[in-house]
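Have a look at work_4.cif; it's mmCIF, C-alpha atoms:
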data_structure
#
loop_
_atom_site.label_atom_id
_atom_site.label_comp_id
_atom_site.auth_asym_id
_atom_site.auth_seq_id
_atom_site.Cartn_x
_atom_site.Cartn_y
_atom_site.Cartn_z
CA MET A 1 -57.48 6.83 80.35
CA THR A 2 -58.21 6.40 76.63
CA THR A 3 -55.86 7.65 73.96
CA LYS A 4 -58.38 10.31 72.93
CA ASN A 5 -58.82 11.58 76.49
CA ALA A 6 -55.08 11.58 77.06
CA GLN A 7 -54.58 13.67 73.96
CA ASN A 8 -57.25 16.13 75.05
CA ALA A 9 -55.45 16.54 78.36
CA LEU A 10 -52.20 17.56 76.71
CA THR A 11 -51.18 21.17 76.62
CA GLU A 12 -49.73 22.74 73.48
CA VAL A 13 -46.31 22.64 75.17
CA ASP A 14 -46.60 18.89 75.61
CA TRP A 15 -47.60 18.43 71.99
CA GLN A 16 -44.58 20.43 70.91
CA ARG A 17 -42.40 18.25 73.14
CA ARG A 18 -43.86 15.13 71.53
CA ARG A 19 -43.11 16.47 68.05
CA VAL A 20 -39.51 17.25 68.99
CA LEU A 21 -38.95 13.88 70.63
CA GLY A 22 -40.74 12.09 67.83
CA ALA A 23 -38.31 13.62 65.40
CA LEU A 24 -35.54 11.98 67.41
CA GLY A 25 -37.30 8.62 67.24
CA SER A 26 -38.51 8.74 70.83
CA ALA A 27 -41.61 7.73 72.71
CA SER A 28 -42.85 10.63 74.75
CA VAL A 29 -46.41 11.60 75.49
CA THR A 30 -47.40 12.69 78.97
CA ALA A 31 -50.61 14.02 80.38
CA ALA A 32 -49.95 17.38 81.97
CA LEU A 33 -51.88 19.41 84.51
CA GLY A 34 -52.39 16.95 87.31
CA GLY A 35 -49.67 14.40 87.40
CA CYS A 36 -50.81 11.13 85.88
CA ALA A 37 -48.97 10.32 82.68
CA SER A 38 -50.23 8.21 79.78
CA TRP A 39 -48.57 6.40 76.91
CA PRO A 40 -50.86 6.07 73.87
CA VAL A 41 -50.52 2.75 72.08
CA ASP A 42 -49.60 4.51 68.84
CA ALA A 43 -46.81 6.59 70.42
CA PRO A 44 -43.46 6.39 68.60
CA ARG A 45 -40.75 4.21 70.12
CA GLY A 46 -37.52 5.52 71.56
CA LEU A 47 -33.99 4.91 70.38
CA ALA A 48 -33.86 1.57 72.23
CA ARG A 49 -36.15 -0.40 74.50
CA ALA A 50 -35.00 -1.06 78.06
CA THR A 51 -36.38 -4.39 79.23
CA ALA A 52 -34.95 -4.53 82.76
CA VAL A 53 -32.36 -3.29 85.19
CA ASN A 54 -29.42 -5.44 84.18
CA HIS A 55 -27.43 -4.47 87.28
CA LEU A 56 -26.60 -1.84 89.82
CA SER A 57 -22.89 -1.33 90.48
CA TYR A 58 -22.76 -0.92 94.24
CA ALA A 59 -19.46 0.23 95.77
CA VAL A 60 -19.18 -0.84 99.42
CA THR A 61 -16.68 -0.94 102.27
CA ASP A 62 -17.08 -4.71 102.89
CA TYR A 63 -18.04 -6.70 99.83
CA ALA A 64 -18.34 -10.08 101.61
CA ARG A 65 -20.62 -8.71 104.35
CA THR A 66 -22.84 -7.02 101.75
CA ARG A 67 -22.88 -10.11 99.53
CA ASP A 68 -23.92 -12.33 102.43
CA PHE A 69 -26.70 -9.92 103.40
CA TYR A 70 -28.32 -9.96 99.96
CA VAL A 71 -27.94 -13.72 99.61
CA GLU A 72 -29.58 -14.43 102.95
CA MET A 73 -32.13 -11.60 103.17
CA LEU A 74 -33.35 -11.70 99.57
CA GLY A 75 -32.42 -15.16 98.34
CA MET A 76 -29.94 -13.98 95.72
CA LYS A 77 -27.51 -16.27 93.92
CA VAL A 78 -23.78 -15.57 93.80
CA ALA A 79 -23.03 -15.76 90.08
CA TRP A 80 -19.42 -14.59 90.10
CA ASP A 81 -16.90 -13.86 92.87
CA ASN A 82 -13.14 -13.32 92.57
CA GLY A 83 -12.48 -12.61 96.26
CA ARG A 84 -12.54 -8.82 95.84
CA MET A 85 -15.91 -8.24 94.22
CA CYS A 86 -18.89 -10.26 93.12
CA SER A 87 -22.15 -10.40 91.22
CA VAL A 88 -25.39 -11.54 92.83
CA GLU A 89 -28.45 -12.31 90.71
CA PHE A 90 -32.18 -12.79 91.15
CA GLY A 91 -35.36 -13.05 89.10
CA ASP A 92 -35.64 -14.73 85.70
CA PRO A 93 -32.68 -17.16 85.42
CA ALA A 94 -32.58 -16.62 81.64
CA LYS A 95 -32.32 -12.82 81.99
CA PRO A 96 -31.48 -12.15 85.64
CA GLU A 97 -31.29 -8.77 87.32
CA GLY A 98 -28.34 -8.23 89.60
CA ILE A 99 -26.04 -6.23 91.82
CA TYR A 100 -22.33 -5.87 91.13
CA ILE A 101 -20.81 -5.53 94.60
CA VAL A 102 -17.42 -3.84 94.26
CA PRO A 103 -14.94 -2.15 96.65
CA VAL A 104 -15.47 1.53 97.35
CA LYS A 105 -12.64 3.94 96.55
CA PRO A 106 -10.53 5.01 99.57
CA GLY A 107 -12.15 7.83 101.49
CA GLU A 108 -15.54 7.48 99.80
CA LYS A 109 -18.85 6.21 101.17
CA ALA A 110 -20.92 3.34 99.85
CA ALA A 111 -22.89 4.35 96.76
CA VAL A 112 -24.43 3.06 93.55
CA SER A 113 -21.90 4.19 90.95
CA HIS A 114 -23.91 3.30 87.86
CA ILE A 115 -26.98 1.53 86.52
CA GLY A 116 -26.91 -0.93 83.62
CA TYR A 117 -30.10 -1.11 81.56
CA SER A 118 -30.78 -4.28 79.58
CA VAL A 119 -31.57 -3.33 75.99
CA GLU A 120 -33.69 -5.46 73.70
CA ASN A 121 -31.57 -6.94 70.89
CA PHE A 122 -28.56 -4.78 71.77
CA PRO A 123 -26.07 -6.53 69.42
CA ALA A 124 -28.39 -5.95 66.47
CA ASN A 125 -29.07 -2.33 67.43
CA LYS A 126 -25.73 -1.19 68.80
CA GLU A 127 -24.62 0.64 65.67
CA LYS A 128 -27.93 2.48 65.40
CA ILE A 129 -27.62 3.49 69.05
CA ALA A 130 -24.01 4.58 68.53
CA ALA A 131 -24.97 6.67 65.51
CA GLU A 132 -27.73 8.50 67.39
CA LEU A 133 -25.52 9.14 70.41
CA THR A 134 -22.88 10.55 68.09
CA ARG A 135 -25.46 12.70 66.29
CA GLN A 136 -26.53 14.16 69.63
CA ASN A 137 -22.88 14.72 70.62
CA ILE A 138 -23.22 12.37 73.59
CA LYS A 139 -19.87 10.85 74.53
CA PHE A 140 -19.83 7.09 75.07
CA LYS A 141 -17.38 4.22 75.13
CA ALA A 142 -17.55 0.48 74.72
CA ASP A 143 -18.16 -1.60 77.83
CA THR A 144 -17.07 -4.92 76.32
CA GLU A 145 -18.69 -5.80 72.99
CA TRP A 146 -22.03 -6.02 74.76
CA GLY A 147 -22.62 -2.47 75.92
CA TRP A 148 -22.04 1.28 75.84
CA THR A 149 -21.08 3.38 78.88
CA LEU A 150 -22.13 7.04 79.04
CA ASP A 151 -23.58 9.69 81.31
CA ASP A 152 -27.28 10.46 81.17
CA ARG A 153 -28.34 14.08 80.70
CA ALA A 154 -28.08 14.69 84.47
CA GLY A 155 -24.49 13.43 84.52
CA TYR A 156 -25.20 10.01 86.06
CA MET A 157 -23.29 7.03 84.63
CA ILE A 158 -25.38 4.39 82.87
CA HIS A 159 -24.93 1.48 80.50
CA PHE A 160 -26.80 0.35 77.44
CA ILE A 161 -26.10 -3.36 77.77
CA SER A 162 -27.07 -6.74 76.36
CA GLU A 163 -29.76 -8.58 78.30
CA THR A 164 -27.28 -11.35 79.10
CA GLY A 165 -24.87 -9.02 80.91
CA ILE A 166 -21.31 -9.93 81.90
CA PHE A 167 -19.45 -9.64 85.28
CA PRO A 168 -17.96 -6.84 87.45
CA GLY A 169 -14.74 -5.35 86.13
CA ALA A 170 -15.18 -6.91 82.69
CA SER A 171 -14.78 -3.68 80.75
CA ASP A 172 -10.99 -3.88 80.49
CA PRO A 173 -10.25 -7.62 80.07
CA CYS A 174 -13.30 -8.22 77.87
CA ALA A 175 -12.86 -5.61 75.17
CA ILE A 176 -12.98 -8.74 73.03
CA ILE A 177 -15.42 -11.20 74.62
CA ASN A 178 -13.83 -14.34 73.19
CA SER A 179 -10.26 -13.36 74.06
CA ASP A 180 -8.12 -15.42 76.44
CA LYS A 181 -7.85 -12.37 78.71
CA CYS A 182 -11.62 -12.16 79.07
CA LYS A 183 -12.05 -15.89 79.56
CA GLY A 184 -9.36 -15.86 82.25
CA ALA A 185 -10.98 -12.97 84.15
CA GLU A 186 -14.34 -14.69 84.01
CA ALA A 187 -12.88 -17.99 85.15
CA ALA A 188 -11.26 -16.30 88.18
CA GLY A 189 -14.72 -15.48 89.48
CA LEU A 190 -16.27 -18.84 88.72
CA LYS A 191 -13.74 -21.31 90.13
CA ASN A 192 -14.77 -20.99 93.80
CA LEU A 193 -18.53 -20.61 93.45
CA ALA A 194 -19.17 -23.93 95.17
CA ALA A 195 -17.92 -22.32 98.38
CA ALA A 196 -20.03 -19.17 97.96
CA PRO A 197 -22.81 -18.55 100.51
CA LYS A 198 -26.27 -19.92 99.72
CA PRO A 199 -29.67 -18.67 100.92
CA SER A 200 -30.94 -20.43 104.01
CA GLY A 201 -34.53 -20.24 102.76
CA ARG A 202 -35.64 -18.32 105.84
CA GLY A 203 -35.43 -14.94 104.12
CA PHE A 204 -37.35 -13.51 101.17
CA LYS A 205 -37.03 -14.27 97.46
CA ALA A 206 -36.41 -11.23 95.27
CA THR A 207 -37.94 -11.46 91.80
CA ALA A 208 -37.10 -8.00 90.36
CA PHE A 209 -36.09 -4.47 91.24
CA SER A 210 -39.38 -2.83 92.21
CA HIS A 211 -37.92 0.64 91.75
CA ILE A 212 -34.75 2.72 91.87
CA VAL A 213 -34.77 6.33 93.04
CA LEU A 214 -32.38 8.57 91.07
CA CYS A 215 -32.02 12.17 92.24
CA VAL A 216 -31.28 14.66 89.45
CA ASP A 217 -31.01 18.36 88.76
CA ASP A 218 -34.02 18.58 86.42
CA ILE A 219 -36.80 16.02 86.63
CA VAL A 220 -38.56 17.04 83.43
CA LYS A 221 -35.50 17.10 81.20
CA THR A 222 -34.24 13.81 82.63
CA ARG A 223 -37.66 12.18 82.25
CA ASP A 224 -37.74 13.22 78.61
CA TRP A 225 -34.23 11.87 78.06
CA TYR A 226 -35.08 8.42 79.44
CA GLU A 227 -38.25 8.29 77.36
CA GLN A 228 -36.23 9.27 74.30
CA MET A 229 -33.36 6.85 74.91
CA PHE A 230 -35.05 3.80 76.43
CA SER A 231 -38.77 3.98 75.53
CA MET A 232 -39.63 4.14 79.22
CA ARG A 233 -43.33 4.65 79.93
CA PRO A 234 -44.30 7.51 82.27
CA ILE A 235 -46.83 6.49 84.93
CA TYR A 236 -46.64 9.54 87.19
CA TYR A 237 -45.44 13.13 87.20
CA LYS A 238 -45.94 15.92 89.73
CA ALA A 239 -44.13 19.21 89.63
CA GLU A 240 -45.39 20.39 93.01
CA GLU A 241 -43.54 19.92 96.24
CA PRO A 242 -43.30 17.92 98.42
CA ASN A 243 -44.13 15.06 96.05
CA ALA A 244 -42.21 16.31 93.00
CA GLN A 245 -41.10 13.29 91.01
CA ALA A 246 -41.50 11.41 87.76
CA MET A 247 -41.98 7.64 87.61
CA LEU A 248 -40.98 5.71 84.50
CA ARG A 249 -41.91 2.09 83.91
CA PHE A 250 -39.91 -0.43 81.85
CA GLY A 251 -40.28 -4.19 82.00
CA ASN A 252 -40.90 -5.16 85.63
CA ASN A 253 -38.95 -2.16 86.93
CA THR A 254 -39.65 1.51 87.65
CA LEU A 255 -37.23 4.44 87.69
CA TYR A 256 -38.18 7.26 90.08
CA LEU A 257 -36.70 10.67 89.31
CA ARG A 258 -36.58 13.12 92.22
CA ASN A 259 -34.89 16.42 92.99
CA ILE A 260 -31.34 16.46 94.34
CA LYS A 261 -31.33 17.20 98.07
CA ARG A 262 -27.61 16.86 98.79
CA PRO A 263 -25.08 19.70 98.45
CA GLY A 264 -22.92 19.74 95.35
CA GLY A 265 -25.58 19.14 92.73
CA LYS A 266 -24.34 15.74 91.59
CA PRO A 267 -26.91 13.03 90.73
CA TYR A 268 -27.12 9.97 92.97
CA VAL A 269 -29.20 6.87 93.71
CA GLU A 270 -31.07 7.59 96.94
CA HIS A 271 -32.44 4.08 97.45
CA PHE A 272 -33.63 0.95 95.66
CA ALA A 273 -36.37 -1.60 96.29
CA PHE A 274 -36.90 -5.29 95.59
CA GLU A 275 -40.13 -6.97 94.63
CA ILE A 276 -40.42 -10.29 96.44
CA GLU A 277 -42.43 -13.46 96.03
CA ASN A 278 -45.63 -13.86 98.07
CA TYR A 279 -45.50 -10.45 99.75
CA ASP A 280 -47.59 -10.17 102.92
CA GLN A 281 -47.34 -6.94 104.88
CA ASP A 282 -47.60 -8.43 108.36
CA ARG A 283 -45.34 -11.39 107.62
CA VAL A 284 -42.62 -9.18 106.14
CA GLU A 285 -42.79 -6.80 109.10
CA ALA A 286 -42.55 -9.66 111.59
CA GLU A 287 -39.59 -11.26 109.79
CA LEU A 288 -37.66 -7.99 109.63
CA LYS A 289 -38.28 -7.30 113.31
CA SER A 290 -37.19 -10.83 114.21
CA ARG A 291 -33.86 -10.04 112.51
CA GLY A 292 -33.37 -6.92 114.60
CA TYR A 293 -34.51 -4.28 112.10
CA LYS A 294 -36.92 -1.42 112.69
CA PRO A 295 -38.88 -1.39 109.43
CA VAL A 296 -40.63 1.78 108.28
CA PRO A 297 -43.74 1.35 106.12
CA ASP A 298 -43.84 2.50 102.51
CA SER A 299 -47.57 2.02 101.92
CA LYS A 300 -49.27 -1.35 102.34
CA LEU A 301 -46.86 -2.82 99.80
CA GLY A 302 -43.42 -2.05 101.21
CA TRP A 303 -41.10 -1.86 104.20
CA THR A 304 -37.93 0.21 104.42
CA ILE A 305 -34.72 -0.83 106.21
CA GLN A 306 -30.99 -0.16 105.85
CA ASP A 307 -28.52 -2.70 104.51
CA PRO A 308 -25.12 -3.26 106.23
CA GLU A 309 -23.61 -0.27 104.39
CA GLY A 310 -26.38 2.07 105.54
CA MET A 311 -28.10 2.15 102.15
CA ARG A 312 -31.86 2.48 102.29
CA ILE A 313 -33.55 -0.49 100.64
CA GLU A 314 -37.15 -1.65 100.49
CA ILE A 315 -38.81 -5.05 100.61
CA ALA A 316 -41.84 -4.62 98.36
CA GLY A 317 -44.86 -6.34 96.92
CA ARG A 318 -45.87 -6.47 93.29
CA GLY A 319 -47.43 -3.23 92.06
CA LEU A 320 -45.93 -0.84 94.63
CA PRO A 321 -45.01 1.90 92.11
CA GLU A 322 -48.45 1.79 90.51
CA TYR A 323 -50.16 1.94 93.91
CA ILE A 324 -48.02 4.89 95.01
CA SER A 325 -48.73 6.73 91.76
CA GLU A 326 -52.46 6.02 91.57
CA LYS A 327 -53.60 6.00 95.22
CA CYS A 328 -50.95 7.83 97.25
CA LYS A 329 -50.24 11.05 95.32
CA GLY A 330 -46.63 9.97 94.93
CA ARG A 331 -45.62 9.17 98.52
CA ALA A 332 -46.57 6.75 101.28
CA THR A 333 -47.66 9.41 103.77
CA ASP A 334 -50.50 10.31 101.40
CA CYS A 335 -51.78 6.75 101.02
CA PRO A 336 -55.34 5.93 102.14
CA GLY A 337 -55.05 5.38 105.88
CA GLY A 338 -51.54 6.81 106.14
CA PRO A 339 -48.07 5.44 105.35
CA ARG A 340 -49.09 1.87 106.16
CA GLY A 341 -52.32 1.98 104.19
#
Exercise: express the given structure as structure tokens:
Amino acid sequence: MTTKNAQNALTEVDWQRRRVLGALGSASVTAALGGCASWPVDAPRGLARATAVNHLSYAVTDYARTRDFYVEMLGMKVAWDNGRMCSVEFGDPAKPEGIYIVPVKPGEKAAVSHIGYSVENFPANKEKIAAELTRQNIKFKADTEWGWTLDDRAGYMIHFISETGIFPGASDPCAIINSDKCKGAEAAGLKNLAAAPKPSGRGFKATAFSHIVLCVDDIVKTRDWYEQMFSMRPIYYKAEEPNAQAMLRFGNNTLYLRNIKRPGGKPYVEHFAFEIENYDQDRVEAELKSRGYKPVPDSKLGWTIQDPEGMRIEIAGRGLPEYISEKCKGRATDCPGGPRG
């Protein structure tokens, strides 16, 4: 869709929204009335630019079992492990994406407690970000010298964080990165890495988070907030049920926003997906079945299983979010030829 056509498709309400968000320094233009969203090349940028998912913080009942699953199934590297929690990484070695696998609180179930978003040039922009958060009366706190921790507008915990990241539990000991306390905490998770599990090579090789599904109380307001804060690019929006969701692209990742379906009204991550190298639908299905799983198709570019904690995850090919948004009306059951097509 050209910029001119996209503009013609906008309603007056959308133009007003763009003016408001533009005044905040955000990037926010969507095409209304039909779902597909566009991002004109001259659209204003947001407060910061998210370049990747830096990490998910995943609280589990058995950190070693979960660690070993992601290492073997998706070829992840153990980057830090202190015997209680760990960090596993994948993708670009210079700016890896990762999962912080940490112990769940007593009495709670496994869940993704927060998402860290890598921010372009965070050290250079941190004061500007802090000033805007303060201006909007958004509470935040330092997460080491390399990030801010806050709740998004739906109440879900997130981080603005440097692209280099840190390690699980670093917030307290690493208030000052170069302190002896921080160096000691980091060293505790590095000293035994030689004994950490390694991929056998028989599994898959994750290259990026394909997408993360975050369930919120208001899709539109949350979509606007992420555009405003992180310059995320909308690629899909549908208000109608049953496919109501917004899809926001940043770097190699996509954030799906869907309606909360659990009681209580609190936001939560419903599932997450990994893009893998050399995806082939039949080969992936066969490998998952050979390991005892019963994979469920998510279009021709993805298979759904559960990890050892019961979390839904997907093994996906490159371009799954775009295919779902452009060809499948937002969900696999509406793909050409059905959920496997």
*Residue contacts of segment 267-282 of chain A (6 Å, all atoms listed in the file) excluding same-chain residues fewer than 5 positions away, as a list in words*: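 Surrounding residues, per the criterion: Tyr156, Lys205, Ala206, Thr207, Ala208, Phe209, Ser210, His211, Ile212, Val213, Leu214, Cys215, Val216, Arg312, Ile313, Glu314, Ile315, Ala316, Gly317 and Arg318 of chain A.
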How close does segment 254-324 of chain A get to segment 231-247 of chain A? List, as a tab-separated table, each residue of segment 254-324 of chain A within 7 Å, its nearest atom pair and the distance in Å to one decimal, counting all atoms listed in the file.
residue	atom	partner	partner_atom	distance
A:Thr254	CA	A:Met247	CA	6.6
A:Leu255	CA	A:Met247	CA	5.7
A:Tyr256	CA	A:Met247	CA	4.5
A:Leu257	CA	A:Ala246	CA	5.1
A:Arg258	CA	A:Gln245	CA	4.7
Save out the residues we just selected, C-alpha atoms, as a PDB file, keeping the file's coordinate frame.
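Now in part-v8.pdb:
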ATOM      1  CA  THR A 254     -39.650   1.510  87.650  1.00  0.00           C
ATOM      2  CA  LEU A 255     -37.230   4.440  87.690  1.00  0.00           C
ATOM      3  CA  TYR A 256     -38.180   7.260  90.080  1.00  0.00           C
ATOM      4  CA  LEU A 257     -36.700  10.670  89.310  1.00  0.00           C
ATOM      5  CA  ARG A 258     -36.580  13.120  92.220  1.00  0.00           C
TER       6      ARG A 258
END
*Run the PyMOL selection byres ((chain A and resi 169) around 12) mentally over the shown coordinates, then write out the matched residues as a VMD selection string, using the chain letters and numbers from the document.*
chain A and resid 57 80 to 82 84 to 87 100 to 103 143 to 144 165 to 168 170 to 175 182 185 to 186 188 to 189
Box dimensions and centre (Å, one decimal) enclosing segment 53-72 of chain A, axis-aligned, 6 Å extra per side, as lines of an AutoDock Vina configuration file:
center_x = -24.5
center_y = -7.1
center_z = 94.3
size_x = 27.7
size_y = 26.7
size_z = 32.2
*Taking the file as shown, find all residues satisfying the PyMOL selection byres ((chain A and resi 118) around 6) and write them as a list in words.*
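What the PyMOL selection byres ((chain A and resi 118) around 6) grabs from the file is Ala50, Thr51, Ala52, Val53, Asn54, Tyr117, Val119, Ile161, Ser162 and Glu163 of chain A.
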_Nearest residue to Asn121 of chain A out of A:Ala48, A:Thr61, A:Thr304, A:Glu97, using only C-alpha atoms?_
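Closest residue, counting only C-alpha atoms: A:Ala48.
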*Enter the distance from atom CA of Gly83 of chain A to atom CA of Leu56 of chain A, in Å, rounded to one decimal.*
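Computing the Euclidean distance for atom CA of Gly83 of chain A and atom CA of Leu56 of chain A yields 18.9 Å.
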*Target residues per the PyMOL selection byres ((chain A and resi 123-129) around 9), formatted as a PyMOL selection string*: chain A and resi 47-48+119-122+130-134+145-148+160-162+229
*May I ask which of the residues A:Ala286, A:Val112, A:Met311, A:Ile324 is the closest one to Ser299 of chain A, counting only C-alpha atoms?*
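Under the stated criterion, the closest residue is A:Ile324.
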*asked:* If we count only C-alpha atoms and set the cut-off at 6 Å, which residues sit around Gly98 of chain A, ignoring sequence neighbours fewer than 2 positions away in its own chain? Please answer as a list in words.
replied: His55, Val88 and Glu89 of chain A
Could the residues in this selection be written to a file with C-alpha atoms, as an mmCIF file, in the frame of the given file?
data_model
loop_
_atom_site.group_PDB
_atom_site.id
_atom_site.type_symbol
_atom_site.label_atom_id
_atom_site.label_comp_id
_atom_site.auth_asym_id
_atom_site.auth_seq_id
_atom_site.Cartn_x
_atom_site.Cartn_y
_atom_site.Cartn_z
ATOM 1 C CA HIS A 55 -27.430 -4.470 87.280
ATOM 2 C CA VAL A 88 -25.390 -11.540 92.830
ATOM 3 C CA GLU A 89 -28.450 -12.310 90.710
#
*Tell me, in Å to one decimal, how far atom CA of Tyr293 of chain A is from atom CA of Gln306 of chain A.*
8.3 Å
With 9 Å as the cut-off and only C-alpha atoms counted, what is the closest atom pair between each nearby residue of segment 279-321 of chain A and segment 335-340 of chain A? Distances in Å to one decimal, ordered by chain and number, as JSON lines.
{"residue": "A:Val296", "atom": "CA", "partner": "A:Arg340", "partner_atom": "CA", "distance": 8.7}
{"residue": "A:Pro297", "atom": "CA", "partner": "A:Arg340", "partner_atom": "CA", "distance": 5.4}
{"residue": "A:Asp298", "atom": "CA", "partner": "A:Pro339", "partner_atom": "CA", "distance": 5.9}
{"residue": "A:Ser299", "atom": "CA", "partner": "A:Arg340", "partner_atom": "CA", "distance": 4.5}
{"residue": "A:Lys300", "atom": "CA", "partner": "A:Arg340", "partner_atom": "CA", "distance": 5.0}
{"residue": "A:Leu301", "atom": "CA", "partner": "A:Arg340", "partner_atom": "CA", "distance": 8.2}
{"residue": "A:Gly302", "atom": "CA", "partner": "A:Arg340", "partner_atom": "CA", "distance": 8.5}
_Separation of atom CA of Ala79 of chain A from atom CA of Glu287 of chain A in Å_ =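 The value is 26.1 Å.
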*Looking at only C-alpha atoms, which of A:Asp62, A:Pro197, A:Ala187, A:Ala111 is the one that sits closest to Gly75 of chain A?*
A:Pro197
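Across A:Lys95, A:Lys141, A:Lys198, A:Lys109, the tightest approach to Met157 of chain A is made by A:Lys141 when counting all atoms listed in the file.
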Is it possible to produce a file of segment 300-314 of chain A from this structure, with N, CA, C and O atoms, as a PDB file, in the first residue's frame?
ATOM      1  N   LYS A 300       1.038 -22.999   7.510  1.00  0.00           N
ATOM      2  CA  LYS A 300       2.096 -23.797   6.892  1.00  0.00           C
ATOM      3  C   LYS A 300       3.477 -23.448   7.435  1.00  0.00           C
ATOM      4  O   LYS A 300       4.469 -24.085   7.072  1.00  0.00           O
ATOM      5  N   LEU A 301       3.523 -22.455   8.334  1.00  0.00           N
ATOM      6  CA  LEU A 301       4.818 -21.984   8.824  1.00  0.00           C
ATOM      7  C   LEU A 301       5.013 -22.178  10.322  1.00  0.00           C
ATOM      8  O   LEU A 301       5.900 -21.558  10.915  1.00  0.00           O
ATOM      9  N   GLY A 302       4.213 -23.028  10.957  1.00  0.00           N
ATOM     10  CA  GLY A 302       4.420 -23.204  12.387  1.00  0.00           C
ATOM     11  C   GLY A 302       3.749 -24.434  12.960  1.00  0.00           C
ATOM     12  O   GLY A 302       2.717 -24.890  12.470  1.00  0.00           O
ATOM     13  N   TRP A 303       4.350 -24.963  14.028  1.00  0.00           N
ATOM     14  CA  TRP A 303       3.786 -26.070  14.791  1.00  0.00           C
ATOM     15  C   TRP A 303       3.782 -25.702  16.272  1.00  0.00           C
ATOM     16  O   TRP A 303       4.748 -25.153  16.779  1.00  0.00           O
ATOM     17  N   THR A 304       2.703 -26.047  16.949  1.00  0.00           N
ATOM     18  CA  THR A 304       2.528 -25.735  18.360  1.00  0.00           C
ATOM     19  C   THR A 304       2.695 -26.983  19.213  1.00  0.00           C
ATOM     20  O   THR A 304       2.140 -28.040  18.895  1.00  0.00           O
ATOM     21  N   ILE A 305       3.475 -26.841  20.306  1.00  0.00           N
ATOM     22  CA  ILE A 305       3.606 -27.901  21.306  1.00  0.00           C
ATOM     23  C   ILE A 305       3.604 -27.241  22.687  1.00  0.00           C
ATOM     24  O   ILE A 305       3.467 -26.016  22.795  1.00  0.00           O
ATOM     25  N   GLN A 306       3.776 -28.028  23.722  1.00  0.00           N
ATOM     26  CA  GLN A 306       3.951 -27.497  25.073  1.00  0.00           C
ATOM     27  C   GLN A 306       5.341 -27.849  25.581  1.00  0.00           C
ATOM     28  O   GLN A 306       5.828 -28.963  25.357  1.00  0.00           O
ATOM     29  N   ASP A 307       5.973 -26.896  26.269  1.00  0.00           N
ATOM     30  CA  ASP A 307       7.277 -27.177  26.858  1.00  0.00           C
ATOM     31  C   ASP A 307       7.084 -27.934  28.169  1.00  0.00           C
ATOM     32  O   ASP A 307       5.940 -28.224  28.563  1.00  0.00           O
ATOM     33  N   PRO A 308       8.153 -28.309  28.881  1.00  0.00           N
ATOM     34  CA  PRO A 308       7.994 -29.130  30.098  1.00  0.00           C
ATOM     35  C   PRO A 308       7.163 -28.485  31.200  1.00  0.00           C
ATOM     36  O   PRO A 308       6.658 -29.184  32.085  1.00  0.00           O
ATOM     37  N   GLU A 309       7.001 -27.169  31.171  1.00  0.00           N
ATOM     38  CA  GLU A 309       6.200 -26.478  32.184  1.00  0.00           C
ATOM     39  C   GLU A 309       4.742 -26.311  31.753  1.00  0.00           C
ATOM     40  O   GLU A 309       3.936 -25.729  32.482  1.00  0.00           O
ATOM     41  N   GLY A 310       4.408 -26.816  30.561  1.00  0.00           N
ATOM     42  CA  GLY A 310       3.047 -26.679  30.063  1.00  0.00           C
ATOM     43  C   GLY A 310       2.795 -25.404  29.295  1.00  0.00           C
ATOM     44  O   GLY A 310       1.653 -25.116  28.904  1.00  0.00           O
ATOM     45  N   MET A 311       3.835 -24.608  29.056  1.00  0.00           N
ATOM     46  CA  MET A 311       3.702 -23.376  28.287  1.00  0.00           C
ATOM     47  C   MET A 311       3.585 -23.709  26.802  1.00  0.00           C
ATOM     48  O   MET A 311       4.352 -24.513  26.276  1.00  0.00           O
ATOM     49  N   ARG A 312       2.619 -23.082  26.147  1.00  0.00           N
ATOM     50  CA  ARG A 312       2.512 -23.238  24.703  1.00  0.00           C
ATOM     51  C   ARG A 312       3.664 -22.513  24.027  1.00  0.00           C
ATOM     52  O   ARG A 312       3.929 -21.343  24.313  1.00  0.00           O
ATOM     53  N   ILE A 313       4.372 -23.209  23.154  1.00  0.00           N
ATOM     54  CA  ILE A 313       5.402 -22.588  22.330  1.00  0.00           C
ATOM     55  C   ILE A 313       5.181 -23.028  20.887  1.00  0.00           C
ATOM     56  O   ILE A 313       4.454 -23.994  20.616  1.00  0.00           O
ATOM     57  N   GLU A 314       5.807 -22.312  19.968  1.00  0.00           N
ATOM     58  CA  GLU A 314       5.700 -22.672  18.556  1.00  0.00           C
ATOM     59  C   GLU A 314       7.079 -22.740  17.928  1.00  0.00           C
ATOM     60  O   GLU A 314       7.969 -21.959  18.263  1.00  0.00           O
TER      61      GLU A 314
END
